[in-house]
Amino acid sequence: MDWTISDREVTARKPHTCIWCGEQIAKGENYRDVSGKYNGDFQVNKYHWECSTASLEALHKHDVREFEPHEFYRGLSLPRDERLENYPELAANPWYIHNLRREKRG
Ligand SMILES: [Zn+2]
């Protein structure tokens, strides 16, 4: 974002799609809602909490400032075009198994 207008914790009144992982944010779930201007366009981005944490980790550890919608694994700072099996160090992350199961389903 070039600049942020609001960045807040919200409770979902209806299902949304997480910008980071593309999975659903369920009704009643708390999520992070960030709105602002980016390249001249107004954007509203919604993140699962774990994906918000992952995006901050991606920013600080890997300097990820831009990403394509749904580019990453849920709760991880690893892009979906990488194979999870190649990153056993991520197994300590509680979302690793979730993503592994999902990847195997295809
Ligand atoms: Zn997500």
# chains A, B, ... in the order shown; residues from 1 in each chain; ligands from 1
call {"tool": "select_by_dssp", "arguments": {"residues": "chain A", "states": "helix (DSSP H, G or I)", "output": "PyMOL selection string"}}
result
chain A and resi 49-62+84-86+88-92+96-105
call {"tool": "write_last_selection", "arguments": {"atoms": "C-alpha atoms", "output": "short mmCIF file (atom, residue, chain, number, x, y, z; two decimals), in the first residue's frame"}}
result
data_model
loop_
_atom_site.label_atom_id
_atom_site.label_comp_id
_atom_site.auth_asym_id
_atom_site.auth_seq_id
_atom_site.Cartn_x
_atom_site.Cartn_y
_atom_site.Cartn_z
CA TRP A 49 -5.06 -13.34 11.52
CA GLU A 50 -2.52 -16.05 10.80
CA CYS A 51 -2.11 -14.71 7.26
CA SER A 52 -1.64 -11.18 8.54
CA THR A 53 1.13 -12.52 10.77
CA ALA A 54 2.62 -14.42 7.82
CA SER A 55 2.51 -11.30 5.64
CA LEU A 56 4.41 -9.32 8.28
CA GLU A 57 6.95 -12.11 8.51
CA ALA A 58 7.30 -12.08 4.70
CA LEU A 59 7.84 -8.34 4.80
CA HIS A 60 10.42 -8.38 7.56
CA LYS A 61 12.28 -11.59 6.69
CA HIS A 62 12.03 -11.67 2.91
CA LEU A 84 5.81 -27.67 1.27
CA GLU A 85 7.82 -30.88 1.47
CA ASN A 86 10.93 -28.87 0.64
CA PRO A 88 10.49 -29.14 6.74
CA GLU A 89 11.57 -26.25 8.99
CA LEU A 90 8.04 -24.87 8.61
CA ALA A 91 6.53 -27.98 10.20
CA ALA A 92 6.56 -26.24 13.59
CA TYR A 96 1.78 -26.41 7.98
CA ILE A 97 -0.34 -29.57 8.27
CA HIS A 98 -3.46 -27.75 7.14
CA ASN A 99 -1.67 -26.64 3.97
CA LEU A 100 -0.05 -30.01 3.41
CA ARG A 101 -3.43 -31.75 3.51
CA ARG A 102 -4.91 -29.17 1.19
CA GLU A 103 -2.02 -29.47 -1.25
CA LYS A 104 -2.39 -33.27 -1.36
CA ARG A 105 -6.10 -32.90 -2.18
#
call {"tool": "residues_near_ligand", "arguments": {"ligand": "ligand 1", "cutoff": "6 Å", "atoms": "only C-alpha atoms and all ligand atoms", "output": "list in words"}}
result
Cys18, Trp20, Cys21, Glu23, Tyr47, His48, Cys51 and Arg74 of chain A
call {"tool": "residues_around", "arguments": {"residues": "Phe67 of chain A", "least_positions_apart": "3", "cutoff": "10 Å", "atoms": "only C-alpha atoms", "output": "ChimeraX atom specification"}}
result
/A:19-20,55,64,70-72,79
call {"tool": "write_last_selection", "arguments": {"atoms": "C-alpha atoms", "output": "mmCIF file, in the first residue's frame"}}
result
data_model
loop_
_atom_site.group_PDB
_atom_site.id
_atom_site.type_symbol
_atom_site.label_atom_id
_atom_site.label_comp_id
_atom_site.auth_asym_id
_atom_site.auth_seq_id
_atom_site.Cartn_x
_atom_site.Cartn_y
_atom_site.Cartn_z
ATOM 1 C CA ILE A 19 -6.211 -11.870 0.092
ATOM 2 C CA TRP A 20 -3.133 -13.790 1.227
ATOM 3 C CA SER A 55 2.512 -11.298 5.636
ATOM 4 C CA VAL A 64 7.923 -9.020 0.349
ATOM 5 C CA HIS A 70 -3.982 -15.784 -3.038
ATOM 6 C CA GLU A 71 -0.302 -16.295 -3.788
ATOM 7 C CA PHE A 72 0.675 -17.708 -0.384
ATOM 8 C CA PRO A 79 4.254 -18.948 -1.920
#
call {"tool": "closest_residue", "arguments": {"among": "A:Gln43, A:Asp81, A:Gly75, A:Arg32", "to": "Trp95 of chain A", "atoms": "only C-alpha atoms"}}
result
A:Gly75
call {"tool": "closest_residue", "arguments": {"among": "A:Arg83, A:Lys37, A:Arg65, A:Lys27", "to": "Trp3 of chain A", "atoms": "only C-alpha atoms"}}
result
A:Lys37
call {"tool": "atom_distance", "arguments": {"atom1": "atom CA of Tyr31 of chain A", "atom2": "atom CA of Asn45 of chain A"}}
result
10.3 Å
call {"tool": "select_by_dssp", "arguments": {"residues": "segment 5-52 of chain A", "states": "strand (DSSP E)", "output": "list in words"}}
result
Ile5, Ser6, Asp7, Arg8, Glu9, Val10, Thr11, His16, Thr17, Gln24, Ile25, Asn30, Tyr31, Arg32, Asp33, Val34, Ser35, Gly36, Lys37, Tyr38, Asp41, Phe42, Gln43, Val44, Asn45, Lys46, Tyr47 and His48 of chain A
call {"tool": "closest_residue", "arguments": {"among": "A:Asn39, A:Thr4, A:Arg80, A:Ala12", "to": "Gln24 of chain A", "atoms": "only C-alpha atoms"}}
result
A:Ala12
call {"tool": "closest_residue", "arguments": {"among": "A:Asp2, A:His16, A:Leu78, A:Glu68", "to": "Glu29 of chain A", "atoms": "only C-alpha atoms"}}
result
A:His16
call {"tool": "closest_residue", "arguments": {"among": "A:Ile5, A:Asn93, A:Lys46, A:Tyr73", "to": "Thr17 of chain A", "atoms": "only C-alpha atoms"}}
result
A:Lys46
